[in-house]
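Down below is the structure, laid out as structure tokens.
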Amino acid sequence: MAVLECNALTKRYGKTPALEDVTFAIEPGRIVGLLGPNGSGKTTLIKLANGLLTPTAGDIRICGTAPGRATRSVVSYLPERTCIPLWMTTRQLMDFYQDFYRDFRRDAAEEMLRHLNIRENQHIKQMSKGTREKVQLIMVMSRAASLYLLDEPIGGVDPATRDYILSTIISNYNPEAAVVISTHLIADVERVLDEVIFINQGRLVLQASVDEIREEKGMSVDELFREVFKC
Amino acid sequence: MLRKLLKHEFRATGRIMLPLYLVLLATSVGANLSTRGLLETDNRLLDILGGLLIIAFVVAIIGVCIMSLVVMVQRFYKNLLQDEGYIMMTLPCSIHQQVWSKLIVSAVWFALSFAMVCLACVLMAFDVSAIQEILDLCQELLHALTGKYSFNAVAFGVELLVLCFVGCCVLCLEFYAALAIGHSRPSHKMAWSVLFFFVLQFAMQMISSALIIGLDESAFYYFLMDLTDVHLSGTAAIHASLWFLSACAAIYGAVFYFLTTYFLKRHLNLE
């Protein structure tokens, strides 16, 4: 069964279309790049999958179920911006995730925090922006979820942090799960992707495996992206 | 899940409210010392200190009351409608549980703030003869009222407290509803929220006024009058009115609750 499935999914804000008739399915065990220029509808799609928005038409399903309370326990979501409560310490943040998510692997989170020399009694507000993003990612990737939805995980961070984030994703995700990485920084994520979904002005342009693109079109995902979205 | 939400909600708000209560109790002890002697010394410095301690006590009482309100609004706004909303609204719990957790915690802080202010006043008045005299006078007045008009002061106090408590919860829900509606707008969310708060307030007052005018000289009015003449004494009517007002407030609360959950569920629009 597909982990994430969209059928004729449409979302409009008033009369402005954000997504138009989008249909695709993502199978478990795949790392999928949701790629498109700014304002193409990537965040809207991820918000719909999290139940933060309701579709105007069509439907979206997580493991066969419409987004809601049940699907939230199997979806691990990294929002575009840092959203963890600043007043908490990292220990309190782990308590929070452990309380609400049965699949939270506290030992994995502690290990990653130790690796970054982040103390458990350190307050989030005392951390730099980059460290906060890493802590948030650690919380998200420490869950053994069925679907990881990562919205711009490498946007606005330095190249070294990008490498850290991508290696954290690769080495910590549940292998039976699907990972969706939304980004427009193709060159950085290309090496970790199995599959890509190109989205532009709310419409699905392409869904293909990275190997197919390389073999059939003879170009990298980054080159194809630049060709498809040429201004 | 509600239990877990409550636990984290108390953790988040307790770090603000509990130190405030400590400050309040500390200032009440200071105010007690002040009223018991500092204000009547020949030393000008001690007189000023006594005055400052009394001012600190009053400021602490006002601070606790205002902070209960601010914490109530701020938690809902920041935790559900701002950035933290991305975390909270994707937890495996329902919108109803989210709203109830906020409401219960706010109500508990309201009740606790009231209890703390009472305790602080008791501490401030401890062993102060002038205040003891005022309290004795109040007690005599209550005895006189009870004796002459069969006025049940305890029941009246409880009913008034219930009405205040329900009123506070309704105020919470009114703020929640205004924020939820305002934040469903694409821009100027806070300005819309303020506007919707006044719209809700205006609507509530208009409906109440319309009901009062509509019920005047109606069959219900005569039913109440008959009831008062035949079965109810004047004081019993006061008790009934207080319960009736609490019930009316609860109905408004239910409407605000519905609006809040509907807009959070259907029109959530996080930035």
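Order determines the names: the first chain of the structure tokens is A, the second B, and so forth; residues in each chain are numbered 1 upward, and ligands are numbered 1 upward as they are shown.
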
Return as a tab-separated table the residues of stretch 22-80 of chain A lying at most 10 Å from stretch 177-181 of chain A, together with the closest atom-to-atom pair for each and the distance in Å to one decimal, counting only C-alpha atoms, with rows in chain order and ascending residue number.
```
residue	atom	partner	partner_atom	distance
A:Ile26	CA	A:Ala178	CA	7.2
A:Glu27	CA	A:Ala178	CA	6.7
A:Pro28	CA	A:Ala178	CA	4.7
A:Gly29	CA	A:Ala177	CA	5.0
A:Arg30	CA	A:Ala178	CA	4.9
A:Ile31	CA	A:Val179	CA	4.6
A:Val32	CA	A:Val180	CA	4.8
A:Gly33	CA	A:Ile181	CA	4.9
A:Leu34	CA	A:Ile181	CA	5.7
A:Leu35	CA	A:Ile181	CA	8.1
A:Lys42	CA	A:Ile181	CA	9.7
A:Ile46	CA	A:Val180	CA	8.9
A:Val74	CA	A:Ala177	CA	9.6
A:Val75	CA	A:Ala177	CA	9.6
A:Ser76	CA	A:Val179	CA	9.4
A:Tyr77	CA	A:Val180	CA	9.7
A:Leu78	CA	A:Ile181	CA	9.5
```

For the residues selected in the previous step, produce a file with C-alpha atoms as a PDB file, in the first residue's frame.
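selection-v5.pdb, written as the output of this step:
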```
ATOM      1  CA  ILE A  26       4.741   7.193  -2.863  1.00  0.00           C
ATOM      2  CA  GLU A  27       5.652   3.662  -1.862  1.00  0.00           C
ATOM      3  CA  PRO A  28       7.394   2.703   1.395  1.00  0.00           C
ATOM      4  CA  GLY A  29      11.189   2.524   1.495  1.00  0.00           C
ATOM      5  CA  ARG A  30      11.695   5.430  -0.913  1.00  0.00           C
ATOM      6  CA  ILE A  31      13.381   8.775  -0.378  1.00  0.00           C
ATOM      7  CA  VAL A  32      11.485  11.208  -2.555  1.00  0.00           C
ATOM      8  CA  GLY A  33      12.447  14.753  -3.465  1.00  0.00           C
ATOM      9  CA  LEU A  34       9.476  17.076  -3.760  1.00  0.00           C
ATOM     10  CA  LEU A  35      11.084  19.619  -6.016  1.00  0.00           C
ATOM     11  CA  LYS A  42       5.310  22.122  -2.067  1.00  0.00           C
ATOM     12  CA  ILE A  46       2.936  18.911   2.933  1.00  0.00           C
ATOM     13  CA  VAL A  74       2.661   7.666  11.899  1.00  0.00           C
ATOM     14  CA  VAL A  75       3.829  10.897  10.238  1.00  0.00           C
ATOM     15  CA  SER A  76       6.971  12.666  11.398  1.00  0.00           C
ATOM     16  CA  TYR A  77       6.864  16.259  10.205  1.00  0.00           C
ATOM     17  CA  LEU A  78       9.653  18.799  10.007  1.00  0.00           C
TER      18      LEU A  78
END
```

Counting only C-alpha atoms, a student should be able to say which residues of chain B come within 6 Å of chain A; what is the right answer, written as a PyMOL selection string? chain B and resi 83-84+90+92-93

Using C-alpha atoms, can you write the selected residues to a file as a PDB file, in the first residue's frame?
```pdb
ATOM      1  CA  ASP B  83       5.021  28.767  14.970  1.00  0.00           C
ATOM      2  CA  GLU B  84       4.477  26.303  17.828  1.00  0.00           C
ATOM      3  CA  THR B  90       0.289  17.790  14.250  1.00  0.00           C
ATOM      4  CA  PRO B  92      -1.990  12.816  17.562  1.00  0.00           C
ATOM      5  CA  CYS B  93      -4.794  14.479  19.514  1.00  0.00           C
TER       6      CYS B  93
END
```

In Å, how far is it from atom CA of B:Val58 to atom CA of B:Leu33? 14.5 Å

Per DSSP on the backbone, what are the helix (DSSP H, G or I) residues of stretch 10-137 of chain A, as a PyMOL selection string? chain A and resi 42-49+69-72+90-100+106-115+124-126+129-137

Resulting file, chosen residues, N, CA and C atoms, as a compact mmCIF listing (two decimals), in the first residue's frame:
```txt
# COMPACT_ATOMS: atom_id res chain seq x y z
N LYS A 42 4.70 23.21 -2.85
CA LYS A 42 5.31 22.12 -2.07
C LYS A 42 4.83 22.15 -0.61
N THR A 43 4.91 23.34 0.00
CA THR A 43 4.52 23.46 1.41
C THR A 43 3.02 23.19 1.58
N THR A 44 2.24 23.66 0.62
CA THR A 44 0.79 23.41 0.69
C THR A 44 0.51 21.91 0.70
N LEU A 45 1.22 21.19 -0.18
CA LEU A 45 1.04 19.73 -0.26
C LEU A 45 1.40 19.06 1.08
N ILE A 46 2.50 19.50 1.66
CA ILE A 46 2.94 18.91 2.93
C ILE A 46 1.96 19.27 4.05
N LYS A 47 1.46 20.50 4.02
CA LYS A 47 0.47 20.90 5.04
C LYS A 47 -0.82 20.07 4.90
N LEU A 48 -1.20 19.80 3.65
CA LEU A 48 -2.40 18.98 3.42
C LEU A 48 -2.18 17.57 3.96
N ALA A 49 -0.97 17.04 3.76
CA ALA A 49 -0.66 15.69 4.24
C ALA A 49 -0.66 15.63 5.77
N ARG A 69 -6.19 12.59 13.22
CA ARG A 69 -5.55 12.19 14.47
C ARG A 69 -4.76 10.88 14.32
N ALA A 70 -5.36 9.92 13.58
CA ALA A 70 -4.72 8.60 13.45
C ALA A 70 -3.43 8.68 12.64
N THR A 71 -3.45 9.47 11.55
CA THR A 71 -2.27 9.51 10.68
C THR A 71 -1.12 10.28 11.33
N ARG A 72 -1.46 11.20 12.25
CA ARG A 72 -0.41 12.01 12.87
C ARG A 72 0.55 11.18 13.71
N THR A 90 16.35 20.82 26.24
CA THR A 90 16.30 19.67 25.32
C THR A 90 15.70 18.44 26.03
N ARG A 91 15.94 18.33 27.34
CA ARG A 91 15.36 17.19 28.07
C ARG A 91 13.83 17.30 28.07
N GLN A 92 13.32 18.50 28.34
CA GLN A 92 11.87 18.69 28.33
C GLN A 92 11.28 18.44 26.95
N LEU A 93 12.05 18.82 25.92
CA LEU A 93 11.58 18.59 24.56
C LEU A 93 11.50 17.08 24.27
N MET A 94 12.49 16.35 24.75
CA MET A 94 12.44 14.88 24.56
C MET A 94 11.27 14.28 25.34
N ASP A 95 11.04 14.79 26.57
CA ASP A 95 9.88 14.32 27.36
C ASP A 95 8.60 14.54 26.55
N PHE A 96 8.51 15.72 25.94
CA PHE A 96 7.34 16.09 25.16
C PHE A 96 7.12 15.10 24.01
N TYR A 97 8.16 14.86 23.23
CA TYR A 97 8.03 13.93 22.10
C TYR A 97 7.73 12.51 22.58
N GLN A 98 8.37 12.12 23.67
CA GLN A 98 8.17 10.76 24.20
C GLN A 98 6.73 10.58 24.70
N ASP A 99 6.17 11.64 25.29
CA ASP A 99 4.80 11.55 25.80
C ASP A 99 3.79 11.38 24.67
N PHE A 100 4.02 12.08 23.58
CA PHE A 100 2.99 12.10 22.54
C PHE A 100 3.20 11.05 21.43
N ARG A 106 14.10 7.58 22.27
CA ARG A 106 14.82 8.55 23.11
C ARG A 106 16.34 8.31 23.08
N ASP A 107 16.71 7.02 23.08
CA ASP A 107 18.15 6.72 23.08
C ASP A 107 18.83 7.27 21.82
N ALA A 108 18.13 7.17 20.68
CA ALA A 108 18.70 7.69 19.43
C ALA A 108 18.85 9.21 19.50
N ALA A 109 17.82 9.86 20.06
CA ALA A 109 17.86 11.33 20.19
C ALA A 109 19.01 11.75 21.11
N GLU A 110 19.14 11.04 22.24
CA GLU A 110 20.21 11.38 23.20
C GLU A 110 21.59 11.21 22.57
N GLU A 111 21.72 10.13 21.79
CA GLU A 111 22.99 9.86 21.12
C GLU A 111 23.36 11.00 20.15
N MET A 112 22.36 11.42 19.36
CA MET A 112 22.62 12.50 18.39
C MET A 112 22.93 13.82 19.09
N LEU A 113 22.24 14.08 20.19
CA LEU A 113 22.49 15.33 20.93
C LEU A 113 23.90 15.31 21.54
N ARG A 114 24.28 14.14 22.05
CA ARG A 114 25.65 13.99 22.61
C ARG A 114 26.69 14.25 21.53
N HIS A 115 26.41 13.71 20.34
CA HIS A 115 27.33 13.86 19.22
C HIS A 115 27.55 15.35 18.88
N ILE A 124 16.44 25.83 24.76
CA ILE A 124 16.43 26.00 23.30
C ILE A 124 16.74 27.45 22.94
N LYS A 125 16.21 28.39 23.76
CA LYS A 125 16.40 29.81 23.40
C LYS A 125 17.86 30.26 23.53
N GLN A 126 18.67 29.46 24.24
CA GLN A 126 20.09 29.80 24.37
C GLN A 126 20.89 29.32 23.15
N LYS A 129 20.51 29.67 15.83
CA LYS A 129 19.45 29.26 14.89
C LYS A 129 19.75 27.88 14.30
N GLY A 130 21.02 27.70 13.89
CA GLY A 130 21.42 26.44 13.27
C GLY A 130 21.27 25.27 14.24
N THR A 131 21.65 25.49 15.50
CA THR A 131 21.55 24.40 16.50
C THR A 131 20.09 24.06 16.76
N ARG A 132 19.25 25.10 16.82
CA ARG A 132 17.81 24.84 17.02
C ARG A 132 17.27 23.97 15.89
N GLU A 133 17.68 24.28 14.66
CA GLU A 133 17.20 23.50 13.52
C GLU A 133 17.67 22.05 13.62
N LYS A 134 18.92 21.90 14.08
CA LYS A 134 19.44 20.53 14.24
C LYS A 134 18.66 19.79 15.31
N VAL A 135 18.37 20.47 16.43
CA VAL A 135 17.62 19.81 17.52
C VAL A 135 16.24 19.40 17.02
N GLN A 136 15.60 20.30 16.26
CA GLN A 136 14.27 19.97 15.74
C GLN A 136 14.34 18.76 14.81
N LEU A 137 15.36 18.73 13.96
CA LEU A 137 15.53 17.61 13.04
C LEU A 137 15.79 16.31 13.82
```
